[in-house]
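Input: a single structure, listed below in C-alpha cells.
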Amino acid sequence: MKKITYFIASVVALLGLSSCNLDMRPDTGVLGQDVTTIEHIKALRNGLYNNIVSVQSYGNQVYQEYYVDLFNETMSSGNRGGYFSQWLLTASDQDVNAIWSTYYSVVSNINYFLMKADDVAALQPDNAEDIAYYKAEAKFFRAICFHQLALRFCKDYTPATAITDLGIPTPTVYNPYAKLERGTLEMTYKQINDDIKEAELLITEAGEPCSTRLSKDAIAAFKAQIALHMHDYQNAATYASSTYAGYPLVNSKEELDEMWHEDSSTEVIMQGTLTATTIGLVSGPSDYLSGTWDFESEVFHYTPAYTPEQWIVDLYGFEKDTNNSKDWRAGTLISRESLYIYSDWQTGYVLTKFSGNRNLFTVPTSLTYKTATKLFRVAEMYLIEAEAQYMNGGDALTPLNTLRQHRGLDPLTGITGEELMAEIEKERVRELIGEGHRLFDLKRWGKGFTRDYQMAVSDVLSGSKKIYQMTQPATNPKFVWPVPMEELHANANFGEQNTGWSSVQ
C-alpha cells in the first residue's frame, strides 16, 4: 500500500527533523553557532515566526481531520493520509513520527534561540530590553508547540486525573543529548502556562486585525484555548470575550470570502505573513481539491483525495443541487463543484476553504492552495465562550447567536440543555472545518463518531464500507495517538507508551 509523507515534505527544508532527544543543530537556516549580535538574534527571531507559521499551516493539520468524521477518502488519494482515515496507525508510522519530530524541532530551535539570546544580552547590554521581548515571544511559541503535542499524544485534560495522566516531555534548555521523562499531563500544562505567563509580562500592547506579530490579544486568545481544554470554563469565557472589541465579525458573504481567499479580515487576531516570496513557508492542503482548469468550459474540475461527509454538507443548508444557502459559508468554505475521480465524472461537494489567496495566483487558472496561517481568529473565541458559558451554566446563546448572525443565519431561540450544546458543536464544525480542531473537540467532549459518506461520491470512495461508515466509540484509547517508536528507542528515560498501542513495533 502506497504511503506518502507530505507532512515531512512541507516542513523538512525549514526545520529539519529530530526526536525529542533533540539531536540536531537548530540553525533555522541562519548563522548557527556564530550568533553574537542583536542582528543575529533578530534573524533567529524571524526564523521562529516562520517555524510557527509553517508547522501550524493548514496542510499540516489534515491528519487529525481525516482521523474523525469530517471527510472520506476517495480512490484518488493514493493512500495519502489513508492510515489515519482507516485507523491503521502504528507507533512506527512515519507520519506520526514526523508530526512529533517537527514540533520538537521547533522547540529545539526555540531553546537554542533562548540560549543565544542570553549570550548576546550579556555582550550587548544596551539591547537587553529588546532581547527580553524576543525571548517572551519565543516562550509563547514554545507553549503553542507543547499544547499541540499534548492535544495529539495525551488524553483530554481532566482536572481530577491530570496529576496521574501521562504528559509529554517539555524541554526548556537547549541540550541535543537530553533524554527527558514524559511526566504527567499536569506537569505539561504547568509548563505551558508558565511560558504564557512569562510572555504576557512583556507583550502588553494590543494588536490589530491580521497582525503578523504577537500581541496581548493573541495571548488572550491562546489563553482562552488553553482554559477551554483544561475545562476552566470561567476563565475561558473571560479570555475569549476580551478579544471581541478589537476584532469585529464580518457583515457580508463578500467579507467572509476575503478572509479566506485574500487573507484580509477584521476577524483575524494573528496570522502569518504570506507573500510571493514567503509562500513556500506554508503547506497547502491540496488534497481537498486538486483542481484543474478547463479552458473550454472555463471552470475548475476537481480530483479531491478527500470529500466532506454527507452530514457536513447538510450542516450548511444547501438548496438541492446548488451552492445557494442562507449560510454565507456555503459556496465559500464548501462548494458544489465538478469532480473527476478515478476516470468518473461526478458533481459533489468539496472543501474550497483552502483554494488559496487568489492575489498570489501566478495565473487565475492555477490554484496555489496557500492560505495565510490564521493562528487566532475571533470567530473561534465566540465559540469558546459559548461552550464555556454552557458548561458553566451561563448565557451560551448570546455568543453563539452573535456568530450565527454574522454568518447569515437566524438566531436560535428557546433551546437549552443538550439541544443547545448540539448547536454549539455543529457551529464549531461549520466554522472551523479543515483547521484541525475536530479530533480535539471530540476528546474534550468525551464523544465518539459515526461516519456518514456523501452520497454523490459514494461509488468512488476508497476502502470498504467499514472504512467510510466507520464507528469509533469515545472509549477507544486510540483517540490518543501513539508515541513514535523512534522516540521510545532513542530515549530510555521516556516512560510508557500510550494505552492501546504496542511498544515493540
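So you can find residues: chains in the C-alpha cells are A, B, ... in the order shown, residues in each start at 1, and ligands are numbered from 1 in order.
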Discussion item. Quick one: residues within 6 Å of A:Tyr67, only C-alpha atoms, excluding same-chain residues fewer than 2 positions away - as an MDAnalysis selection string?
Written reply: chainID A and resid 64:65 84:85
Let me see the file: selected residues, N, CA and C atoms, as a compact mmCIF listing (two decimals), in the first residue's frame.
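Saved to again.txt:
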# COMPACT_ATOMS: atom_id res chain seq x y z
N GLN A 64 -5.46 15.00 11.60
CA GLN A 64 -6.48 14.85 12.63
C GLN A 64 -7.88 15.04 12.06
N GLU A 65 -8.00 15.73 10.91
CA GLU A 65 -9.30 15.87 10.25
C GLU A 65 -9.70 14.56 9.57
N PHE A 84 -4.44 7.21 8.60
CA PHE A 84 -5.24 7.97 9.58
C PHE A 84 -6.72 7.74 9.32
N SER A 85 -7.14 7.91 8.09
CA SER A 85 -8.54 7.74 7.74
C SER A 85 -9.05 6.35 8.08
* Asked: Which neighbours of stretch 483-491 of chain A fall inside 10 Å, counting only C-alpha atoms, when residues of the same chain fewer than 3 positions from it are skipped, and could you give them as a VMD selection string?
  -> chain A and resid 18 to 21 90 to 101 152 to 154 168 177 to 181 480 494 to 498 501 to 505
Inset, instruction - Write out as a PyMOL selection string which residues come within 7 Å of stretch 297-301 of chain A when counting only C-alpha atoms, dropping same-chain ones fewer than 3 positions away. - result: chain A and resi 291-294+338-340
Practice prompt. Select from stretch 303-343 of chain A everything DSSP, run on the backbone, classes as helix (DSSP H, G or I), then give the selection as a ChimeraX atom specification.
Written response: /A:310-315
### Message
What's the separation between atom CA of A:Val457 and atom CA of A:Asn79, in Å to one decimal place?
### Response
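If I compute the distance from atom CA of A:Val457 to atom CA of A:Asn79, I get 17.2 Å.
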Give one line per residue of stretch 159-185 of chain A that approaches stretch 230-237 of chain A to at most 12 Å, naming the two atoms of the closest pair and their distance in Å to one decimal, counting only C-alpha atoms; sort by chain then ascending residue number and deliver it as a Markdown table.
| residue | atom | partner | partner_atom | distance |
| --- | --- | --- | --- | --- |
| A:Pro159 | CA | A:Met230 | CA | 7.0 |
| A:Ala160 | CA | A:His231 | CA | 10.6 |
| A:Thr161 | CA | A:Met230 | CA | 11.4 |
| A:Ala162 | CA | A:Met230 | CA | 9.4 |
| A:Leu185 | CA | A:Met230 | CA | 10.3 |
Resulting file, chosen residues, C-alpha atoms, as a PDB file, in the first residue's frame:
ATOM      1  CA  PRO A 159      -8.534  18.228  36.334  1.00  0.00           C
ATOM      2  CA  ALA A 160      -9.257  15.253  38.597  1.00  0.00           C
ATOM      3  CA  THR A 161      -6.839  12.902  36.798  1.00  0.00           C
ATOM      4  CA  ALA A 162      -4.232  15.209  35.223  1.00  0.00           C
ATOM      5  CA  LEU A 185      -0.300  15.988  31.968  1.00  0.00           C
TER       6      LEU A 185
END
**Message:** Residues near stretch 111-122 of chain A, anyone? I mean within 10 Å using only C-alpha atoms, not counting same-chain ones fewer than 5 positions away, as number ranges by chain.
**Reply:** A: 25-28, 32-42, 44-45, 47-48, 105-106, 127-132, 134-136, 138-139, 142, 171-176
- request: as a list in words, please: all residues of stretch 398-482 of chain A that backbone DSSP puts in strand (DSSP E or B).
  value: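 Going through stretch 398-482 of chain A, the strand (DSSP E or B) residues come out as Phe449, Thr450, Leu461, Thr471 and Gln472 of chain A.
For the set A:His147, A:Pro169, A:Gly356, A:Tyr63, the residue with the smallest atom-to-atom gap to A:Asn493 is A:Pro169, counting only C-alpha atoms.
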Selection near A:Lys478, 8 Å with only C-alpha atoms, sequence-local residues under 4 positions removed, as a PDB file with N, CA and C atoms, in the first residue's frame:
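See part_39.pdb below for the written result:
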ATOM      1  N   PRO A 482      -0.224   7.277  19.135  1.00  0.00           N
ATOM      2  CA  PRO A 482       0.922   6.599  19.755  1.00  0.00           C
ATOM      3  C   PRO A 482       2.166   7.481  19.778  1.00  0.00           C
ATOM      4  N   THR A 499      -1.765   4.039  26.077  1.00  0.00           N
ATOM      5  CA  THR A 499      -2.636   2.870  26.170  1.00  0.00           C
ATOM      6  C   THR A 499      -3.191   2.491  24.797  1.00  0.00           C
ATOM      7  N   GLY A 500      -3.174   1.194  24.503  1.00  0.00           N
ATOM      8  CA  GLY A 500      -3.771   0.702  23.268  1.00  0.00           C
ATOM      9  C   GLY A 500      -2.791   0.531  22.129  1.00  0.00           C
ATOM     10  N   TRP A 501      -1.548   1.002  22.314  1.00  0.00           N
ATOM     11  CA  TRP A 501      -0.535   0.917  21.257  1.00  0.00           C
ATOM     12  C   TRP A 501       0.600   0.012  21.694  1.00  0.00           C
TER      13      TRP A 501
END
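When only C-alpha atoms are used to compute distances to A:Phe440, the closest of the residues A:Val107, A:Leu151, A:Ala330, A:Ala492 turns out to be A:Leu151.
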Practice item. Quick one: everything within 9 Å of A:Thr368, counting only C-alpha atoms, minus sequence neighbours fewer than 5 positions away in the same chain. Send it as a PyMOL selection string. Key: chain A and resi 284+286+354-358+360-362
Those residues you just picked out, can you put them in a file as an mmCIF file, in the first residue's frame with N, CA and C atoms?
data_model
loop_
_atom_site.group_PDB
_atom_site.id
_atom_site.type_symbol
_atom_site.label_atom_id
_atom_site.label_comp_id
_atom_site.auth_asym_id
_atom_site.auth_seq_id
_atom_site.Cartn_x
_atom_site.Cartn_y
_atom_site.Cartn_z
ATOM 1 N N GLY A 284 0.011 23.870 1.822
ATOM 2 C CA GLY A 284 -1.378 23.976 1.394
ATOM 3 C C GLY A 284 -2.037 22.607 1.336
ATOM 4 N N SER A 286 -3.812 20.645 -0.502
ATOM 5 C CA SER A 286 -4.306 20.498 -1.868
ATOM 6 C C SER A 286 -5.204 19.283 -2.048
ATOM 7 N N PHE A 354 -9.647 26.313 1.313
ATOM 8 C CA PHE A 354 -8.205 26.479 1.178
ATOM 9 C C PHE A 354 -7.746 26.423 -0.281
ATOM 10 N N SER A 355 -8.531 26.995 -1.180
ATOM 11 C CA SER A 355 -8.093 27.059 -2.578
ATOM 12 C C SER A 355 -6.901 27.994 -2.734
ATOM 13 N N GLY A 356 -6.736 28.896 -1.774
ATOM 14 C CA GLY A 356 -5.556 29.757 -1.781
ATOM 15 C C GLY A 356 -5.892 31.229 -1.876
ATOM 16 N N ASN A 357 -4.905 32.058 -1.551
ATOM 17 C CA ASN A 357 -5.028 33.511 -1.687
ATOM 18 C C ASN A 357 -4.963 33.864 -3.167
ATOM 19 N N ARG A 358 -6.095 34.270 -3.731
ATOM 20 C CA ARG A 358 -6.147 34.489 -5.177
ATOM 21 C C ARG A 358 -5.261 35.635 -5.641
ATOM 22 N N LEU A 360 -2.284 35.837 -4.950
ATOM 23 C CA LEU A 360 -0.957 35.259 -5.149
ATOM 24 C C LEU A 360 -0.941 34.197 -6.237
ATOM 25 N N PHE A 361 -2.074 33.997 -6.916
ATOM 26 C CA PHE A 361 -2.083 33.065 -8.037
ATOM 27 C C PHE A 361 -1.211 33.625 -9.155
ATOM 28 N N THR A 362 -0.299 32.833 -9.663
ATOM 29 C CA THR A 362 0.516 33.275 -10.793
ATOM 30 C C THR A 362 -0.365 33.586 -11.993
#
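If you look at atom CA of A:Leu289 and atom CA of A:Thr74, they are 11.5 Å away from each other.
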> If we count only C-alpha atoms, what is near A:Tyr468 at a cut-off of 8 Å, once residues fewer than 6 positions away on the same chain are taken out, given as a PyMOL selection string?
Replying inline: chain A and resi 72-73+451-453+461-462
Atom CA of A:Tyr157 and atom CA of A:Met470 are how many Å apart?
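Between atom CA of A:Tyr157 and atom CA of A:Met470 the gap is 26.0 Å.
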Quick one: of A:Asp156, A:Lys223, A:Tyr390, A:Tyr349, who's nearest to A:Glu418, counting only C-alpha atoms?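 That would be A:Tyr390, the residue with the smallest distance to A:Glu418.
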Could you build a table of the residues in stretch 322-375 of chain A lying no more than 9 Å from stretch 426-435 of chain A, giving for each the nearest pair of atoms and their separation in Å rounded to one decimal place, using only C-alpha atoms, ordered by chain and ascending residue number, as JSON lines?
{"residue": "A:Arg329", "atom": "CA", "partner": "A:Arg430", "partner_atom": "CA", "distance": 7.8}
{"residue": "A:Leu333", "atom": "CA", "partner": "A:Ile433", "partner_atom": "CA", "distance": 8.5}
{"residue": "A:Leu351", "atom": "CA", "partner": "A:Gly434", "partner_atom": "CA", "distance": 8.0}
{"residue": "A:Lys353", "atom": "CA", "partner": "A:Gly434", "partner_atom": "CA", "distance": 8.0}
{"residue": "A:Phe354", "atom": "CA", "partner": "A:Gly434", "partner_atom": "CA", "distance": 8.4}
Q) Of the residues A:Thr450, A:Thr373, A:Gln271, A:Asn392, which is the one nearest to A:Tyr58, using only C-alpha atoms? A)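 That would be A:Thr373, the residue with the smallest distance to A:Tyr58.
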